[in-house]
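Text of the file query.txt, holding compact mmCIF, C-alpha atoms:
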```txt
# COMPACT_ATOMS: atom_id res chain seq x y z
CA LYS A 75 0.00 0.00 0.00
CA GLU A 76 1.21 3.52 -0.84
CA TYR A 77 1.06 6.47 1.56
CA PRO A 78 1.26 10.21 0.86
CA ILE A 79 4.15 12.25 2.20
CA ILE A 80 1.90 14.01 4.77
CA ASP A 81 -1.36 13.21 6.53
CA GLU A 82 -4.53 15.35 6.49
CA GLN A 83 -3.11 17.61 9.21
CA GLY A 84 0.14 18.21 7.33
CA ASN A 85 2.28 15.95 9.55
CA PRO A 86 5.15 14.05 7.84
CA LEU A 87 4.45 10.35 7.26
CA TRP A 88 8.05 9.66 6.21
CA PRO A 89 9.90 10.90 9.32
CA GLY A 90 13.11 9.09 8.37
CA LYS A 91 13.52 11.08 5.15
CA TYR A 92 11.34 14.14 5.88
CA PRO A 93 11.41 14.75 9.65
CA THR A 94 10.19 18.37 9.60
CA GLN A 95 7.89 20.75 7.73
CA GLU A 96 11.02 22.53 6.44
CA SER A 97 12.37 19.33 4.84
CA ILE A 98 9.01 18.73 3.15
CA GLN A 99 8.88 22.30 1.83
CA GLU A 100 12.43 21.99 0.51
CA GLU A 101 11.47 18.83 -1.39
CA ARG A 102 8.25 20.44 -2.60
CA SER A 103 10.09 23.40 -4.12
CA ARG A 104 11.61 21.03 -6.71
CA PHE A 105 8.27 20.04 -8.23
CA SER A 106 5.29 21.66 -9.90
CA ASN A 107 2.02 21.62 -7.99
CA VAL A 108 0.52 18.99 -10.28
CA ALA A 109 3.59 16.74 -10.02
CA TRP A 110 3.65 17.16 -6.23
CA SER A 111 -0.04 16.32 -5.89
CA ARG A 112 0.25 13.28 -8.11
CA GLU A 113 3.57 11.84 -6.94
CA PHE A 114 3.73 12.83 -3.26
CA LEU A 115 0.11 13.38 -2.21
CA LEU A 116 -1.20 10.54 -4.42
CA LYS A 117 -4.00 12.70 -5.81
CA ILE A 118 -5.52 12.73 -9.26
CA VAL A 119 -5.20 16.27 -10.60
CA ALA A 120 -5.87 17.37 -14.17
CA ASP A 121 -3.91 20.46 -15.28
CA GLU A 122 -6.97 22.18 -16.70
CA ASP A 123 -8.92 21.65 -13.46
CA GLN A 124 -6.56 23.68 -11.29
CA ILE A 125 -8.04 27.02 -10.23
CA ILE A 126 -5.13 28.28 -8.09
CA LYS A 127 -1.59 27.60 -9.34
CA ARG A 128 1.41 27.22 -7.07
CA GLU A 129 3.36 29.94 -8.87
CA TRP A 130 0.69 32.43 -7.78
CA ILE A 131 1.50 31.88 -4.09
CA LYS A 132 3.53 34.90 -2.94
CA ARG A 133 5.28 35.13 0.43
CA TYR A 134 6.22 37.91 2.84
CA GLY A 135 8.77 38.06 5.64
CA GLU A 136 7.51 41.07 7.60
CA LEU A 137 4.24 42.96 7.45
CA PRO A 138 4.49 46.41 5.87
CA PRO A 139 4.01 49.41 8.15
CA VAL A 140 0.47 50.46 8.99
CA ALA A 141 -0.66 53.24 6.65
CA GLY A 142 -3.77 55.36 6.22
CA ASN A 143 -6.95 53.46 6.90
CA SER A 144 -5.51 49.97 6.55
CA TYR A 145 -7.49 47.44 8.54
CA HIS A 146 -7.76 43.84 9.67
CA ALA A 147 -10.37 41.45 8.33
CA VAL A 148 -11.35 38.06 9.75
CA SER A 149 -13.45 35.43 7.99
CA VAL A 150 -15.14 32.55 9.80
CA ASP A 151 -16.41 29.31 8.27
CA LEU A 152 -18.36 27.67 11.09
CA ALA A 153 -18.78 23.96 11.71
CA ILE A 154 -20.25 23.36 15.14
CA SER A 155 -20.18 19.55 15.19
CA GLN A 156 -17.13 17.93 16.77
CA SER A 157 -17.64 14.42 15.36
CA GLU A 158 -14.75 12.78 13.51
CA ASN A 159 -16.49 13.11 10.16
CA ALA A 160 -17.52 16.74 10.64
CA ASP A 161 -16.01 19.70 8.85
CA TYR A 162 -13.57 21.98 10.62
CA THR A 163 -14.21 25.49 11.86
CA ALA A 164 -11.87 27.74 9.90
CA ILE A 165 -10.82 31.29 10.80
CA VAL A 166 -8.58 33.19 8.38
CA SER A 167 -7.30 36.70 9.09
CA ALA A 168 -5.62 39.34 6.97
CA ARG A 169 -4.23 42.85 7.13
CA VAL A 170 -5.48 44.86 4.16
CA TYR A 171 -3.86 47.84 2.47
CA GLY A 172 -5.26 50.03 -0.28
CA TYR A 173 -7.87 49.21 -2.88
CA GLY A 174 -8.09 48.71 -6.64
CA LYS A 175 -4.69 48.53 -8.32
CA ASN A 176 -2.97 49.29 -4.98
CA LEU A 177 -4.77 46.55 -3.05
CA ARG A 178 -2.47 44.29 -1.03
CA ILE A 179 -3.75 41.50 1.24
CA PHE A 180 -1.39 39.95 3.78
CA ILE A 181 -2.74 36.71 5.21
CA LEU A 182 -1.83 36.56 8.88
CA PRO A 183 -0.13 33.55 10.51
CA HIS A 184 -1.88 30.80 12.46
CA PRO A 185 -5.34 30.46 10.90
CA VAL A 186 -7.69 28.30 12.95
CA ASN A 187 -8.54 24.87 11.53
CA GLU A 188 -10.17 22.77 14.26
CA ARG A 189 -13.34 20.99 15.28
CA LEU A 190 -14.84 23.24 17.94
CA SER A 191 -18.04 23.51 19.93
CA ALA A 192 -20.23 26.59 19.46
CA LEU A 193 -19.08 28.26 22.69
CA VAL A 194 -15.42 27.54 22.07
CA THR A 195 -15.79 28.86 18.52
CA ILE A 196 -17.16 32.18 19.80
CA ASP A 197 -14.38 32.43 22.39
CA ARG A 198 -11.78 31.70 19.72
CA ILE A 199 -13.15 34.38 17.38
CA ILE A 200 -13.12 36.93 20.21
CA ALA A 201 -9.54 35.97 21.10
CA VAL A 202 -8.41 36.33 17.48
CA VAL A 203 -10.02 39.74 17.09
CA ARG A 204 -8.69 41.10 20.37
CA SER A 205 -5.19 39.81 19.63
CA LEU A 206 -5.10 41.98 16.51
CA GLY A 207 -5.64 45.14 18.55
CA TYR A 208 -6.58 47.14 15.47
CA PRO A 209 -9.74 48.08 13.52
CA THR A 210 -11.18 44.68 12.57
CA LYS A 211 -14.17 43.44 10.59
CA VAL A 212 -15.40 39.88 11.11
CA PHE A 213 -17.25 38.17 8.26
CA VAL A 214 -19.52 35.25 9.15
CA GLU A 215 -21.83 33.40 6.78
CA ASP A 216 -25.38 34.53 7.56
CA VAL A 217 -27.36 31.28 7.65
CA ALA A 218 -29.49 29.47 10.25
CA TYR A 219 -27.73 28.95 13.60
CA GLN A 220 -24.75 31.08 12.56
CA ARG A 221 -26.86 34.21 13.00
CA SER A 222 -26.76 33.67 16.76
CA VAL A 223 -22.97 33.72 16.58
CA ILE A 224 -23.09 37.05 14.75
CA GLU A 225 -25.41 38.55 17.40
CA HIS A 226 -23.22 37.22 20.22
CA LEU A 227 -20.13 38.83 18.68
CA LYS A 228 -21.96 42.14 18.30
CA ARG A 229 -22.82 42.07 22.01
CA GLU A 230 -19.08 41.79 22.62
CA ASN A 231 -18.61 45.03 20.64
CA ILE A 232 -17.07 43.17 17.73
CA LYS A 233 -17.98 44.41 14.26
CA ALA A 234 -19.45 41.14 12.97
CA ILE A 235 -20.95 41.24 9.49
CA GLY A 236 -23.30 38.56 8.17
CA VAL A 237 -22.51 37.46 4.62
CA LYS A 238 -24.99 35.86 2.21
CA VAL A 239 -22.82 33.39 0.31
CA GLN A 240 -23.86 32.81 -3.30
CA GLY A 241 -22.83 30.30 -5.95
CA ASP A 242 -20.98 27.03 -5.56
CA LYS A 243 -17.51 26.67 -4.06
CA SER A 244 -15.73 26.45 -7.42
CA SER A 245 -17.33 29.62 -8.78
CA ARG A 246 -16.54 31.50 -5.56
CA LEU A 247 -12.88 30.46 -5.75
CA TRP A 248 -12.73 31.41 -9.43
CA GLY A 249 -14.17 34.78 -8.44
CA ILE A 250 -11.18 35.70 -6.28
CA SER A 251 -8.47 33.77 -8.17
CA GLN A 252 -7.42 36.87 -10.13
CA LEU A 253 -6.21 38.47 -6.90
CA LEU A 254 -3.67 35.67 -6.46
CA GLU A 255 -2.70 35.60 -10.13
CA ASP A 256 -2.09 39.37 -10.02
CA GLY A 257 0.17 39.02 -6.98
CA LYS A 258 -2.04 40.97 -4.58
CA VAL A 259 -2.23 38.25 -1.90
CA PHE A 260 0.73 37.34 0.31
CA PHE A 261 1.22 34.43 2.72
CA PRO A 262 3.66 34.24 5.66
CA GLU A 263 7.13 33.12 4.69
CA LYS A 264 7.74 31.52 8.08
CA THR A 265 6.67 27.89 8.31
CA ASP A 266 3.12 27.65 9.65
CA LYS A 267 1.29 24.33 9.64
CA ASN A 268 -2.20 25.72 9.04
CA ILE A 269 -0.98 28.20 6.43
CA GLU A 270 0.48 25.29 4.50
CA ILE A 271 -2.80 23.36 4.85
CA LEU A 272 -4.61 26.41 3.46
CA ILE A 273 -2.24 26.61 0.51
CA ASN A 274 -2.59 22.87 -0.11
CA GLN A 275 -6.38 23.21 -0.08
CA LEU A 276 -6.17 26.12 -2.54
CA ILE A 277 -3.88 24.55 -5.10
CA GLY A 278 -5.42 21.09 -4.67
CA PHE A 279 -8.99 22.34 -4.59
CA ASP A 280 -11.57 19.63 -5.30
CA THR A 281 -9.02 16.91 -4.56
CA GLU A 282 -8.55 17.60 -0.83
CA LYS A 283 -10.80 15.85 1.69
CA HIS A 284 -11.47 19.13 3.51
CA ASP A 285 -11.78 22.65 2.11
CA ASP A 286 -12.91 24.64 5.16
CA LEU A 287 -9.92 26.99 5.09
CA VAL A 288 -10.60 27.64 1.40
CA ASP A 289 -14.20 28.56 2.24
CA ALA A 290 -13.08 31.07 4.88
CA PHE A 291 -10.32 32.41 2.61
CA THR A 292 -12.67 32.85 -0.35
CA MET A 293 -15.27 34.68 1.74
CA LEU A 294 -12.53 36.88 3.21
CA LEU A 295 -11.20 37.98 -0.18
CA SER A 296 -14.62 38.44 -1.75
CA GLN A 297 -15.68 40.71 1.13
CA ILE A 298 -12.46 42.71 0.91
CA LEU A 299 -13.16 43.22 -2.79
CA GLU A 300 -16.75 44.23 -2.07
CA ARG A 301 -15.66 46.70 0.58
CA GLY A 302 -13.06 48.19 -1.79
CA LYS A 303 -15.82 49.27 -4.18
CA HIS A 304 -16.98 51.85 -1.64
CA LEU A 305 -13.61 53.32 -0.70
CA ARG A 306 -12.50 56.77 -1.73
CA PRO A 307 -9.13 57.37 -3.46
CA VAL A 308 -7.66 58.79 -0.23
CA TRP A 309 -7.62 55.29 1.29
CA LEU A 310 -3.87 54.79 0.87
CA SER A 311 -1.47 57.64 0.22
CA THR A 312 2.30 57.85 -0.20
CA GLU A 313 2.25 61.65 -0.28
CA VAL A 314 3.91 63.62 2.51
CA ASP A 315 2.42 66.86 3.85
CA ASP A 316 2.74 69.04 6.93
CA ARG A 317 -0.80 68.75 8.26
CA GLY A 318 -1.10 68.68 12.04
CA LEU A 319 2.30 70.28 12.69
CA GLU A 320 1.00 73.66 13.78
CA GLY A 321 2.56 74.85 17.00
CA LEU A 322 5.77 72.81 16.63
CA SER A 323 9.19 74.42 16.50
CA SER A 324 11.17 74.39 13.25
CA ARG A 325 13.35 71.59 14.60
CA GLU A 326 10.35 69.50 15.68
CA LYS A 327 8.69 70.01 12.29
CA MET A 328 11.84 68.89 10.49
CA VAL A 329 12.09 65.72 12.61
CA GLU A 330 8.41 64.89 12.09
CA MET A 331 8.63 65.48 8.32
CA GLU A 332 11.65 63.16 8.13
CA LYS A 333 9.63 60.45 9.91
CA ARG A 334 6.71 60.92 7.54
CA GLN A 335 9.00 60.77 4.50
CA GLU A 336 10.62 57.56 5.78
CA ALA A 337 7.19 55.97 6.33
CA ALA A 338 6.07 57.04 2.84
CA ASP A 339 9.22 55.59 1.27
CA ARG A 340 8.70 52.26 3.04
CA LEU A 341 5.10 52.15 1.86
CA LYS A 342 6.16 52.84 -1.73
CA ARG A 343 8.57 49.92 -1.59
CA PHE A 344 5.82 47.58 -0.38
CA LEU A 345 3.42 48.79 -3.08
CA ARG A 346 6.00 47.80 -5.68
CA MET A 347 6.11 44.19 -4.40
```

Show this structure as structure tokens.
Amino acid sequence: KEYPIIDEQGNPLWPGKYPTQESIQEERSRFSNVAWSREFLLKIVADEDQIIKREWIKRYGELPPVAGNSYHAVSVDLAISQSENADYTAIVSARVYGYGKNLRIFILPHPVNERLSALVTIDRIIAVVRSLGYPTKVFVEDVAYQRSVIEHLKRENIKAIGVKVQGDKSSRLWGISQLLEDGKVFFPEKTDKNIEILINQLIGFDTEKHDDLVDAFTMLLSQILERGKHLRPVWLSTEVDDRGLEGLSSREKMVEMEKRQEAADRLKRFLRM
């Protein structure tokens, strides 16, 4: 009997040859996504069926500096049952910069991918949001029992937004695939088990047993796109001005303007990524 290189949770099944996630990623870098899926994950993948391609996966080392009205967004795909055959609850977070041609989405480390009870799920969402410590919007699918989760989060002063999901999973993933192809979405460079599961689910979509992280990811990006339609052009600026410096001495103004110029230069570099 043949076994894949990793199990469903991303743990190595060949510890003698591939003892760590790093050794698996090093081996993976030598193969195309299709070859990897076929030879190492033992999956049947047709080239024309792939929605997300491995070469579209971009990485980042450090998050860019906060600028303008950048914000955090969190997407939750709920699965309340904890049985062995149940889906997982998935929570994917991102820091978002700009809109339109300047849009950049940085997926944050450590997405949640677990079977959780309803109460634990709510506690986990609250913990994720509060850990961000920054303006945050939480997107939750607005169906049946999930509405109670939305109301509970609102009572905790969390900006929870119910989302009416439309279309099938494939069409929803196709709908946001251009963002990845255009290089507007970035994943953490540092090894992260659940980030790698998310990427595996994306590039192996429709061949993976679970796709809960994909569901949360797709809803996250679609809502970011929707929100971007209503933003004004002042959302992200690399211009430097002297607003708010009234009352400062010449020396203090010079120091503050140097800081603003440095921040603007860093932002320009990130926008060219």

Rounded to one decimal in Å, what is the spacing between CA of Leu87 in chain A and CA of Thr163 in chain A? 24.5 Å

Tell me, in Å to one decimal, how far CA of Gly257 in chain A is from CA of Ile131 in chain A. 7.8 Å

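Of the listed residues A:Met331, A:Gln99, A:Leu287, A:Glu255, the one whose atoms come nearest to Lys127 in chain A is A:Glu255, with distances taken using only C-alpha atoms.
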
Distance query Ala234 in chain A at most 7 Å, all atoms listed in the file, self and fewer than 3 positions along chain excluded, as a ChimeraX atom specification: /A:211-213,224,227-228

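In this structure, CA of Asn268 in chain A sits 12.8 Å away from CA of Ala290 in chain A.
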
Point out the residue among A:Glu188, A:Phe291, A:Val217, A:Lys238 with the least atom-to-atom distance to Gln83 in chain A, counting all atoms listed in the file. A:Glu188

Using only C-alpha atoms, which protein or nucleic acid residues come within 10 Å of Thr265 in chain A? Drop anything in the same chain fewer than 6 positions from it, and give the result as a ChimeraX atom specification. /A:95-96,99,183-184

Can you work out which one of A:Asp242, A:Ile179, A:Ile80, A:Ile165 has the shortest atom-to-atom distance to Ile269 in chain A, counting all atoms listed in the file?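 Among A:Asp242, A:Ile179, A:Ile80, A:Ile165, it is A:Ile165 that comes nearest to Ile269 in chain A.
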
Distance criterion (only C-alpha atoms): nearest to Asn176 in chain A out of A:Arg221, A:Lys132, A:His226, A:Lys258: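 With only C-alpha atoms as the atom set, the closest residue is A:Lys258.
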
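Across A:Thr210, A:Ser245, A:Ser296, A:Ser103, the tightest approach to Glu129 in chain A is made by A:Ser103 when counting all atoms listed in the file.
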
Using all atoms listed in the file, list the residues that have an atom at most 12 Å from (-12.6, 24.8, -0.4), coordinates as in the file, as a ChimeraX atom specification. /A:125-126,151,161-162,164,242-248,271-293

With a distance cut-off of 6 Å and all atoms listed in the file, select the neighbouring residues of Tyr171 in chain A, excluding the residue or stretch itself and same-chain residues fewer than 3 positions from it, and output the selection as a list in words. Ser144, Leu177 and Arg178 of chain A

Selected residue of minimal separation from Glu215 in chain A among A:Ser191, A:Pro89, A:Ser149, A:Ile196, counting only C-alpha atoms: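 Among A:Ser191, A:Pro89, A:Ser149, A:Ile196, it is A:Ser149 that comes nearest to Glu215 in chain A.
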